[in-house]
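Here's target_39.txt, which has compact mmCIF, C-alpha atoms and all ligand atoms:
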```txt
# COMPACT_ATOMS: atom_id res chain seq x y z
CA MET A 17 10.53 -1.56 -41.63
CA LYS A 18 10.01 -1.13 -45.36
CA PHE A 19 7.58 1.65 -46.22
CA THR A 20 6.07 3.48 -49.18
CA LYS A 21 5.24 7.17 -49.05
CA MET A 22 2.04 7.94 -50.96
CA GLN A 23 -0.26 10.93 -51.33
CA GLY A 24 -3.76 11.65 -52.57
CA ALA A 25 -4.50 15.32 -53.26
CA GLY A 26 -1.51 16.14 -51.04
CA ASN A 27 -2.81 14.22 -48.00
CA ASP A 28 0.29 12.11 -47.38
CA TYR A 29 0.81 8.95 -45.38
CA VAL A 30 3.50 6.37 -44.75
CA TYR A 31 2.12 3.04 -46.01
CA VAL A 32 3.34 -0.33 -44.74
CA ASN A 33 2.61 -3.58 -46.55
CA CYS A 34 1.51 -5.82 -43.66
CA PHE A 35 1.26 -8.80 -45.98
CA GLU A 36 5.07 -8.76 -45.44
CA GLU A 37 5.81 -6.59 -42.41
CA VAL A 38 4.64 -6.69 -38.79
CA VAL A 39 4.10 -3.37 -36.99
CA HIS A 40 3.98 -4.08 -33.26
CA ASP A 41 3.02 -0.65 -31.93
CA PRO A 42 1.36 1.27 -34.79
CA ALA A 43 0.41 4.27 -32.61
CA ALA A 44 4.04 4.86 -31.60
CA VAL A 45 5.28 4.20 -35.15
CA ALA A 46 2.73 6.71 -36.50
CA ILE A 47 4.03 9.45 -34.20
CA LYS A 48 7.64 8.67 -35.11
CA VAL A 49 7.36 8.41 -38.91
CA SER A 50 4.93 11.34 -39.27
CA ASN A 51 7.33 13.88 -37.81
CA ARG A 52 8.48 16.11 -40.66
CA ASN A 53 11.78 16.96 -38.96
CA PHE A 54 12.74 13.84 -37.06
CA GLY A 55 10.88 11.17 -39.07
CA ILE A 56 9.80 10.57 -42.65
CA GLY A 57 7.14 13.27 -42.70
CA SER A 58 3.45 12.51 -43.19
CA ASP A 59 -0.08 13.11 -41.93
CA GLY A 60 -0.01 9.62 -40.38
CA LEU A 61 0.54 5.90 -40.88
CA ILE A 62 -1.56 3.47 -42.92
CA LEU A 63 -1.30 -0.30 -42.67
CA ILE A 64 -2.25 -2.38 -45.74
CA MET A 65 -3.37 -5.71 -44.31
CA PRO A 66 -4.91 -9.05 -45.26
CA SER A 67 -8.66 -9.30 -44.64
CA GLU A 68 -10.98 -12.25 -44.08
CA VAL A 69 -13.97 -10.41 -45.53
CA ALA A 70 -12.54 -8.23 -48.34
CA ASP A 71 -9.62 -8.09 -50.79
CA VAL A 72 -7.61 -5.91 -48.45
CA ARG A 73 -7.92 -4.21 -45.05
CA MET A 74 -6.83 -0.70 -44.04
CA ARG A 75 -5.92 0.59 -40.59
CA MET A 76 -5.13 4.28 -40.29
CA PHE A 77 -3.32 6.22 -37.56
CA ASN A 78 -3.08 10.01 -37.33
CA SER A 79 0.24 11.80 -36.73
CA ASP A 80 -0.67 12.05 -33.01
CA GLY A 81 -0.98 8.24 -32.82
CA SER A 82 -4.79 8.12 -32.56
CA GLU A 83 -6.54 5.58 -34.79
CA SER A 84 -9.31 6.67 -37.17
CA GLU A 85 -12.06 4.49 -38.55
CA MET A 86 -11.60 5.67 -42.10
CA CYS A 87 -9.49 7.74 -44.48
CA GLY A 88 -10.76 8.67 -47.94
CA ASN A 89 -7.48 9.74 -49.52
CA GLY A 90 -5.80 6.80 -47.82
CA ILE A 91 -8.16 4.18 -49.17
CA ARG A 92 -7.45 5.29 -52.76
CA CYS A 93 -3.72 4.88 -52.15
CA VAL A 94 -4.29 1.48 -50.52
CA ALA A 95 -6.13 0.41 -53.68
CA LYS A 96 -3.31 1.70 -55.89
CA TYR A 97 -0.69 -0.06 -53.81
CA ALA A 98 -2.62 -3.34 -53.78
CA TYR A 99 -3.04 -3.31 -57.58
CA ASP A 100 0.40 -1.98 -58.58
CA HIS A 101 2.21 -4.37 -56.20
CA GLY A 102 0.26 -7.47 -57.22
CA ILE A 103 -1.82 -7.99 -54.05
CA VAL A 104 -4.98 -7.80 -56.16
CA ALA A 105 -5.34 -8.35 -59.91
CA LYS A 106 -8.82 -6.85 -60.39
CA LYS A 107 -9.97 -3.33 -61.13
CA GLU A 108 -12.96 -3.51 -58.84
CA ILE A 109 -11.91 -4.38 -55.32
CA THR A 110 -13.30 -4.37 -51.79
CA ALA A 111 -11.61 -2.92 -48.73
CA GLU A 112 -12.35 -3.53 -45.06
CA THR A 113 -12.27 -0.33 -42.98
CA GLY A 114 -13.60 0.87 -39.65
CA ALA A 115 -16.51 2.29 -41.69
CA GLY A 116 -17.42 -1.12 -43.12
CA ILE A 117 -16.51 -2.84 -46.39
CA LEU A 118 -16.16 -0.36 -49.26
CA THR A 119 -16.09 -1.00 -53.01
CA LEU A 120 -13.47 0.73 -55.16
CA GLN A 121 -13.06 1.09 -58.91
CA LEU A 122 -9.51 1.48 -60.22
CA PHE A 123 -8.48 3.44 -63.33
CA THR A 124 -5.04 2.76 -64.80
CA GLY A 125 -2.83 5.03 -66.90
CA ALA A 126 -0.60 4.36 -69.93
CA ASP A 127 2.00 2.59 -67.73
CA GLY A 128 -0.61 0.13 -66.49
CA LYS A 129 -0.48 1.55 -62.95
CA VAL A 130 -3.41 2.99 -61.03
CA GLU A 131 -3.84 6.76 -61.47
CA LYS A 132 -7.33 7.40 -60.20
CA VAL A 133 -9.77 5.61 -57.91
CA ARG A 134 -13.52 5.91 -57.46
CA VAL A 135 -14.72 4.93 -54.01
CA ASN A 136 -18.21 4.16 -52.82
CA MET A 137 -17.86 5.84 -49.43
CA GLY A 138 -21.24 4.62 -48.22
CA PRO A 139 -24.02 6.86 -46.90
CA PRO A 140 -23.37 9.84 -44.63
CA ARG A 141 -24.55 9.01 -41.07
CA LEU A 142 -26.42 12.06 -39.89
CA THR A 143 -27.83 11.53 -36.42
CA ARG A 144 -26.09 12.76 -33.30
CA LYS A 145 -25.65 9.26 -31.93
CA GLU A 146 -23.97 8.12 -35.16
CA ILE A 147 -21.53 11.06 -35.41
CA PRO A 148 -21.13 10.94 -32.29
CA MET A 149 -22.33 14.19 -30.71
CA LEU A 150 -23.98 15.05 -27.42
CA GLY A 151 -27.68 15.96 -27.49
CA GLU A 152 -30.87 14.35 -28.75
CA PRO A 153 -29.58 10.99 -30.15
CA ASP A 154 -31.85 10.72 -33.21
CA GLU A 155 -31.66 14.37 -34.24
CA ARG A 156 -29.73 15.65 -37.28
CA VAL A 157 -27.33 18.58 -36.97
CA VAL A 158 -27.94 20.80 -40.00
CA ASN A 159 -27.13 24.51 -39.78
CA VAL A 160 -27.08 24.54 -35.96
CA PRO A 161 -25.32 27.40 -34.13
CA LEU A 162 -22.17 26.61 -32.14
CA ASN A 163 -20.42 29.16 -29.95
CA VAL A 164 -16.64 29.15 -30.04
CA LEU A 165 -14.73 31.89 -28.23
CA HIS A 166 -16.61 35.06 -29.16
CA SER A 167 -17.87 33.74 -32.50
CA THR A 168 -20.92 31.73 -33.51
CA PHE A 169 -20.66 29.26 -36.39
CA ASN A 170 -23.48 27.34 -38.02
CA ILE A 171 -22.43 23.71 -38.15
CA THR A 172 -23.62 20.70 -40.14
CA CYS A 173 -22.31 17.33 -38.97
CA ALA A 174 -21.96 13.90 -40.52
CA SER A 175 -20.06 10.68 -39.96
CA MET A 176 -18.37 8.86 -42.83
CA GLY A 177 -17.29 6.25 -40.30
CA ASN A 178 -15.33 9.10 -38.68
CA PRO A 179 -16.81 12.35 -37.35
CA HIS A 180 -16.97 15.60 -39.35
CA CYS A 181 -18.18 19.10 -38.60
CA VAL A 182 -18.76 21.31 -41.67
CA ILE A 183 -18.77 25.11 -41.52
CA PHE A 184 -19.51 27.39 -44.48
CA VAL A 185 -17.44 30.57 -44.64
CA ASP A 186 -17.27 33.48 -47.11
CA ASP A 187 -13.51 33.48 -47.69
CA VAL A 188 -11.92 30.16 -46.79
CA ASP A 189 -8.36 31.19 -47.68
CA ALA A 190 -8.51 34.11 -45.27
CA PHE A 191 -10.19 32.05 -42.53
CA GLN A 192 -8.23 31.35 -39.33
CA VAL A 193 -8.31 27.55 -39.58
CA GLU A 194 -5.47 27.07 -37.09
CA LYS A 195 -7.29 29.22 -34.49
CA TYR A 196 -10.78 27.72 -34.67
CA GLY A 197 -9.91 24.20 -35.92
CA PRO A 198 -8.48 22.85 -32.65
CA LEU A 199 -11.21 24.50 -30.53
CA ILE A 200 -13.94 22.76 -32.54
CA GLU A 201 -11.97 19.49 -32.81
CA ASN A 202 -11.86 19.31 -29.01
CA HIS A 203 -15.27 20.88 -28.28
CA GLU A 204 -17.19 19.09 -25.51
CA LEU A 205 -20.06 18.39 -27.95
CA PHE A 206 -17.88 15.77 -29.68
CA PRO A 207 -16.98 12.93 -27.28
CA ARG A 208 -14.56 11.38 -29.81
CA ARG A 209 -13.33 14.77 -31.07
CA THR A 210 -14.07 15.69 -34.68
CA ASN A 211 -12.54 16.58 -38.01
CA VAL A 212 -13.50 20.10 -39.10
CA GLU A 213 -14.11 21.28 -42.67
CA PHE A 214 -14.25 24.95 -43.63
CA VAL A 215 -15.96 25.41 -46.98
CA GLN A 216 -16.54 28.25 -49.42
CA ILE A 217 -19.28 27.83 -52.01
CA VAL A 218 -17.95 28.76 -55.46
CA SER A 219 -21.06 27.83 -57.48
CA ARG A 220 -23.88 25.25 -57.48
CA THR A 221 -21.32 22.67 -58.66
CA GLU A 222 -18.02 23.80 -57.14
CA VAL A 223 -16.67 24.35 -53.64
CA ARG A 224 -13.32 25.07 -51.98
CA GLN A 225 -12.43 23.24 -48.76
CA ARG A 226 -9.79 23.51 -46.05
CA THR A 227 -9.56 20.80 -43.43
CA TRP A 228 -8.56 20.72 -39.79
CA GLU A 229 -8.09 17.02 -39.07
CA ARG A 230 -8.63 15.36 -35.75
CA GLY A 231 -5.20 14.17 -34.60
CA ALA A 232 -3.22 15.77 -37.42
CA GLY A 233 -3.97 19.51 -37.71
CA GLU A 234 -4.47 21.24 -41.06
CA THR A 235 -3.87 18.89 -43.99
CA LEU A 236 -3.91 19.55 -47.74
CA ALA A 237 -7.01 17.38 -48.29
CA CYS A 238 -9.47 15.04 -46.62
CA GLY A 239 -11.56 12.51 -48.55
CA THR A 240 -13.98 11.59 -45.79
CA GLY A 241 -14.25 15.33 -45.10
CA SER A 242 -15.03 16.02 -48.75
CA SER A 243 -17.76 13.37 -48.53
CA ALA A 244 -19.27 14.97 -45.43
CA VAL A 245 -19.05 18.35 -47.18
CA THR A 246 -20.97 16.99 -50.19
CA ALA A 247 -23.78 15.89 -47.90
CA ALA A 248 -23.69 19.18 -45.96
CA CYS A 249 -23.88 21.27 -49.16
CA VAL A 250 -26.97 19.40 -50.33
CA LEU A 251 -28.64 19.36 -46.90
CA ASN A 252 -28.25 23.15 -46.73
CA GLY A 253 -29.54 23.62 -50.29
CA LEU A 254 -26.24 25.18 -51.41
CA THR A 255 -25.17 22.91 -54.30
CA GLU A 256 -26.26 20.14 -56.63
CA LYS A 257 -25.57 16.53 -55.63
CA ARG A 258 -22.57 16.41 -57.94
CA ILE A 259 -19.71 18.82 -57.17
CA LEU A 260 -16.05 19.43 -57.82
CA ASN A 261 -14.23 20.09 -54.56
CA HIS A 262 -11.02 22.13 -54.74
CA LEU A 263 -8.96 21.12 -51.74
CA THR A 264 -5.65 22.78 -50.92
CA GLY A 265 -3.65 19.89 -52.43
CA GLY A 266 -5.88 18.93 -55.35
CA ASP A 267 -9.39 18.28 -56.62
CA LEU A 268 -11.90 15.56 -55.77
CA GLU A 269 -14.98 14.76 -57.86
CA MET A 270 -17.89 14.12 -55.54
CA GLU A 271 -21.40 12.82 -55.93
CA TRP A 272 -24.23 12.01 -53.51
CA GLY A 273 -25.81 9.21 -55.51
CA GLU A 274 -29.51 8.40 -55.81
CA ASP A 275 -28.72 5.18 -53.87
CA GLY A 276 -27.84 7.33 -50.85
CA ASN A 277 -24.10 6.61 -51.07
CA ILE A 278 -21.40 9.23 -51.51
CA TYR A 279 -18.99 8.60 -54.40
CA MET A 280 -15.51 10.11 -54.39
CA THR A 281 -13.12 10.06 -57.37
CA GLY A 282 -9.55 11.27 -57.06
CA PRO A 283 -5.85 10.68 -57.62
CA ALA A 284 -3.48 8.30 -55.85
CA VAL A 285 0.29 8.74 -56.18
CA GLU A 286 3.32 6.77 -54.99
CA VAL A 287 6.08 9.21 -54.01
CA PHE A 288 9.02 7.07 -52.81
CA THR A 289 9.95 3.91 -50.90
CA GLY A 290 12.46 3.39 -48.12
CA GLU A 291 13.41 1.61 -44.92
CA ILE A 292 13.40 3.00 -41.39
CA ASP A 293 14.39 1.60 -37.98
CA VAL A 294 11.40 1.65 -35.65
N1 LIG B 301 -7.48 12.60 -44.34
C1 LIG B 301 -8.40 11.51 -44.19
C2 LIG B 301 -9.22 11.54 -42.97
C3 LIG B 301 -8.44 11.31 -41.75
C4 LIG B 301 -9.37 11.43 -40.61
C5 LIG B 301 -8.67 11.44 -39.33
N2 LIG B 301 -7.96 12.68 -39.10
C6 LIG B 301 -9.65 11.14 -38.22
O1 LIG B 301 -9.20 11.19 -37.06
O2 LIG B 301 -10.81 10.80 -38.46
C7 LIG B 301 -9.30 11.38 -45.39
O3 LIG B 301 -8.83 11.62 -46.49
O4 LIG B 301 -10.44 11.00 -45.25
```
Taking this structure as input, can you express it in the form of structure tokens?
Ligand SMILES: N[C@H](CCC[C@H](N)C(=O)O)C(=O)O
Amino acid sequence: MKFTKMQGAGNDYVYVNCFEEVVHDPAAVAIKVSNRNFGIGSDGLILIMPSEVADVRMRMFNSDGSESEMCGNGIRCVAKYAYDHGIVAKKEITAETGAGILTLQLFTGADGKVEKVRVNMGPPRLTRKEIPMLGEPDERVVNVPLNVLHSTFNITCASMGNPHCVIFVDDVDAFQVEKYGPLIENHELFPRRTNVEFVQIVSRTEVRQRTWERGAGETLACGTGSSAVTAACVLNGLTEKRILNHLTGGDLEMEWGEDGNIYMTGPAVEVFTGEIDV
């Protein structure tokens, strides 16, 4: 199997061009290639596929083999791959994901290759039934207490196609992400588990985020998570609608637009290509 290793803000995936390759058991391949000792090393596997309704289609698998509906850093890299490798020849493209069809704007550098991508991530879905979360189906979850071990956290939840639980903390770098992340990811409130974002407010226009991802553990960045965080910051009155998010592996420019959609702008980088027996 030919593959391309790509990263966006340090959130790295193995990408396979399924216009040319067939991946028979993507869940098993995701587990194998993701392993940083026995495989290639990545947060998961992303398939770049033909679509009947958009320019390209993305399927995304976490390093534990579970499939997610959407991946924000991944979709930017899919767009870069599609443009740089001649699958699309336009700078505004559409992509089919488990969160619907998204529109992406591509920005090229001096070498003519894509450097940065702006994605219309769609609106945050805020009701419990959309996230999904147990409880009153039509209710929003904004600043609601959640007990975990002997601590109580106030959580704000949103779906960007995939579930997110946002928690504001005073000192995110000192926070025990690896202790609380998995407990919240697997909390009974979330029937499909959840991604968890721990966020420190820096100012009205800047935040710092660490992410515990469903199915992958702590990663250096999460684009859907950053989108959920943008909504959570505004819903809690903590920031403006336009913020710069400093993730562990890089920055994302975020905006909750007047049209109700979240816009994410960030880098997409090709790291290396190779072949692996699967
Ligand atoms: N890192 C990805 C999200 C992966 C989400 C995945 N862990 C899930 O199970 O939903 C991003 O940039 O949006």
query = Using only C-alpha atoms and all ligand atoms, which residue out of A:Leu263, A:Ile56, A:Leu251, A:Ile117 lies closest to ligand LIG 301 (chain B)?
reply =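 When distances to ligand LIG 301 (chain B) are compared using only C-alpha atoms and all ligand atoms, the smallest one comes from A:Leu263.
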task = Collect all residues with atoms no farther than 8 Å from ligand LIG 301 (chain B), counting only C-alpha atoms and all ligand atoms, and output them as a VMD selection string.
result = chain A and resid 24 27 59 76 to 78 82 to 91 178 to 180 210 to 211 229 to 232 235 237 to 242
May I have the selected residues written with C-alpha atoms, as a PDB file, keeping the file's coordinate frame?
```
ATOM      1  CA  GLY A  24      -3.760  11.650 -52.570  1.00  0.00           C
ATOM      2  CA  ASN A  27      -2.810  14.220 -48.000  1.00  0.00           C
ATOM      3  CA  ASP A  59      -0.080  13.110 -41.930  1.00  0.00           C
ATOM      4  CA  MET A  76      -5.130   4.280 -40.290  1.00  0.00           C
ATOM      5  CA  PHE A  77      -3.320   6.220 -37.560  1.00  0.00           C
ATOM      6  CA  ASN A  78      -3.080  10.010 -37.330  1.00  0.00           C
ATOM      7  CA  SER A  82      -4.790   8.120 -32.560  1.00  0.00           C
ATOM      8  CA  GLU A  83      -6.540   5.580 -34.790  1.00  0.00           C
ATOM      9  CA  SER A  84      -9.310   6.670 -37.170  1.00  0.00           C
ATOM     10  CA  GLU A  85     -12.060   4.490 -38.550  1.00  0.00           C
ATOM     11  CA  MET A  86     -11.600   5.670 -42.100  1.00  0.00           C
ATOM     12  CA  CYS A  87      -9.490   7.740 -44.480  1.00  0.00           C
ATOM     13  CA  GLY A  88     -10.760   8.670 -47.940  1.00  0.00           C
ATOM     14  CA  ASN A  89      -7.480   9.740 -49.520  1.00  0.00           C
ATOM     15  CA  GLY A  90      -5.800   6.800 -47.820  1.00  0.00           C
ATOM     16  CA  ILE A  91      -8.160   4.180 -49.170  1.00  0.00           C
ATOM     17  CA  ASN A 178     -15.330   9.100 -38.680  1.00  0.00           C
ATOM     18  CA  PRO A 179     -16.810  12.350 -37.350  1.00  0.00           C
ATOM     19  CA  HIS A 180     -16.970  15.600 -39.350  1.00  0.00           C
ATOM     20  CA  THR A 210     -14.070  15.690 -34.680  1.00  0.00           C
ATOM     21  CA  ASN A 211     -12.540  16.580 -38.010  1.00  0.00           C
ATOM     22  CA  GLU A 229      -8.090  17.020 -39.070  1.00  0.00           C
ATOM     23  CA  ARG A 230      -8.630  15.360 -35.750  1.00  0.00           C
ATOM     24  CA  GLY A 231      -5.200  14.170 -34.600  1.00  0.00           C
ATOM     25  CA  ALA A 232      -3.220  15.770 -37.420  1.00  0.00           C
ATOM     26  CA  THR A 235      -3.870  18.890 -43.990  1.00  0.00           C
ATOM     27  CA  ALA A 237      -7.010  17.380 -48.290  1.00  0.00           C
ATOM     28  CA  CYS A 238      -9.470  15.040 -46.620  1.00  0.00           C
ATOM     29  CA  GLY A 239     -11.560  12.510 -48.550  1.00  0.00           C
ATOM     30  CA  THR A 240     -13.980  11.590 -45.790  1.00  0.00           C
ATOM     31  CA  GLY A 241     -14.250  15.330 -45.100  1.00  0.00           C
ATOM     32  CA  SER A 242     -15.030  16.020 -48.750  1.00  0.00           C
TER      33      SER A 242
END
```
Give one line per residue of region 106-157 of chain A that approaches region 192-208 of chain A to at most 7 Å, naming the two atoms of the closest pair and their distance in Å to one decimal, counting only C-alpha atoms; sort by chain then ascending residue number and deliver it as a Markdown table.
```
| residue | atom | partner | partner_atom | distance |
| --- | --- | --- | --- | --- |
| A:Pro148 | CA | A:Phe206 | CA | 6.4 |
| A:Met149 | CA | A:Phe206 | CA | 4.8 |
| A:Leu150 | CA | A:Leu205 | CA | 5.2 |
```
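For the pair CA of Ile47 (chain A) and CA of Ala25 (chain A), the interatomic distance is 21.7 Å.
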request  = Compile the contact shell of Phe123 (chain A) as number ranges by chain: residues with an atom at most 10 Å away, counting only C-alpha atoms, same-chain residues fewer than 5 positions apart removed.
outcome  = A: 96, 107-108, 128-134, 283
query = Neighbours of Val218 (chain A) within 10 Å (only C-alpha atoms; same-chain residues fewer than 2 positions away dropped), as a ChimeraX atom specification?
reply = /A:186,215-216,220-224,254-255,260-262
For a quick check of your reading of the model, name the residues lying within 9 Å of the coordinate (-21.3, 6.7, -46.4), counting all atoms listed in the file, and write them as an mmCIF file with C-alpha atoms, keeping the file's coordinate frame.
```
data_model
loop_
_atom_site.group_PDB
_atom_site.id
_atom_site.type_symbol
_atom_site.label_atom_id
_atom_site.label_comp_id
_atom_site.auth_asym_id
_atom_site.auth_seq_id
_atom_site.Cartn_x
_atom_site.Cartn_y
_atom_site.Cartn_z
ATOM 1 C CA ALA A 115 -16.510 2.290 -41.690
ATOM 2 C CA ASN A 136 -18.210 4.160 -52.820
ATOM 3 C CA MET A 137 -17.860 5.840 -49.430
ATOM 4 C CA GLY A 138 -21.240 4.620 -48.220
ATOM 5 C CA PRO A 139 -24.020 6.860 -46.900
ATOM 6 C CA PRO A 140 -23.370 9.840 -44.630
ATOM 7 C CA ARG A 141 -24.550 9.010 -41.070
ATOM 8 C CA SER A 175 -20.060 10.680 -39.960
ATOM 9 C CA MET A 176 -18.370 8.860 -42.830
ATOM 10 C CA GLY A 177 -17.290 6.250 -40.300
ATOM 11 C CA THR A 240 -13.980 11.590 -45.790
ATOM 12 C CA SER A 243 -17.760 13.370 -48.530
ATOM 13 C CA ALA A 244 -19.270 14.970 -45.430
ATOM 14 C CA GLY A 276 -27.840 7.330 -50.850
ATOM 15 C CA ASN A 277 -24.100 6.610 -51.070
ATOM 16 C CA ILE A 278 -21.400 9.230 -51.510
ATOM 17 C CA TYR A 279 -18.990 8.600 -54.400
#
```
Each side padded by 5 Å, which centre and which edge lengths in Å (one decimal) define the axis-aligned box around the listed atoms of region 57-72 of chain A? Give them as JSON.
```
{"center_x": -3.4, "center_y": 0.5, "center_z": -45.6, "size_x": 31.1, "size_y": 35.5, "size_z": 20.4}
```
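Compared by their closest atoms to Val294 (chain A), and using only C-alpha atoms, the residues A:Leu236, A:Phe19, A:Gly116, A:Val250 rank with A:Phe19 nearest.
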message = Neighbouring residues of Val287 (chain A) were defined as those with any atom within 8 Å, considering all atoms listed in the file; residues of the same chain fewer than 6 positions away were excluded. Please report them as a ChimeraX atom specification.
response = /A:20-23
task = Considering only C-alpha atoms, state which residue in the set A:Val135, A:Val69, A:Ala248, A:Phe191 is at the smallest distance from Glu269 (chain A).
result = A:Val135
task = Quick one: pull the distance between CA of Cys173 (chain A) and CA of Gly26 (chain A), Å, one decimal.
result =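 Rounded to one decimal, the two atoms are 24.1 Å apart.
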request  = Pick out the closest residue to Val212 (chain A) from this set: A:Asn252, A:Ile171, A:Ile292, A:Thr143. Count all atoms listed in the file.
outcome  = A:Ile171
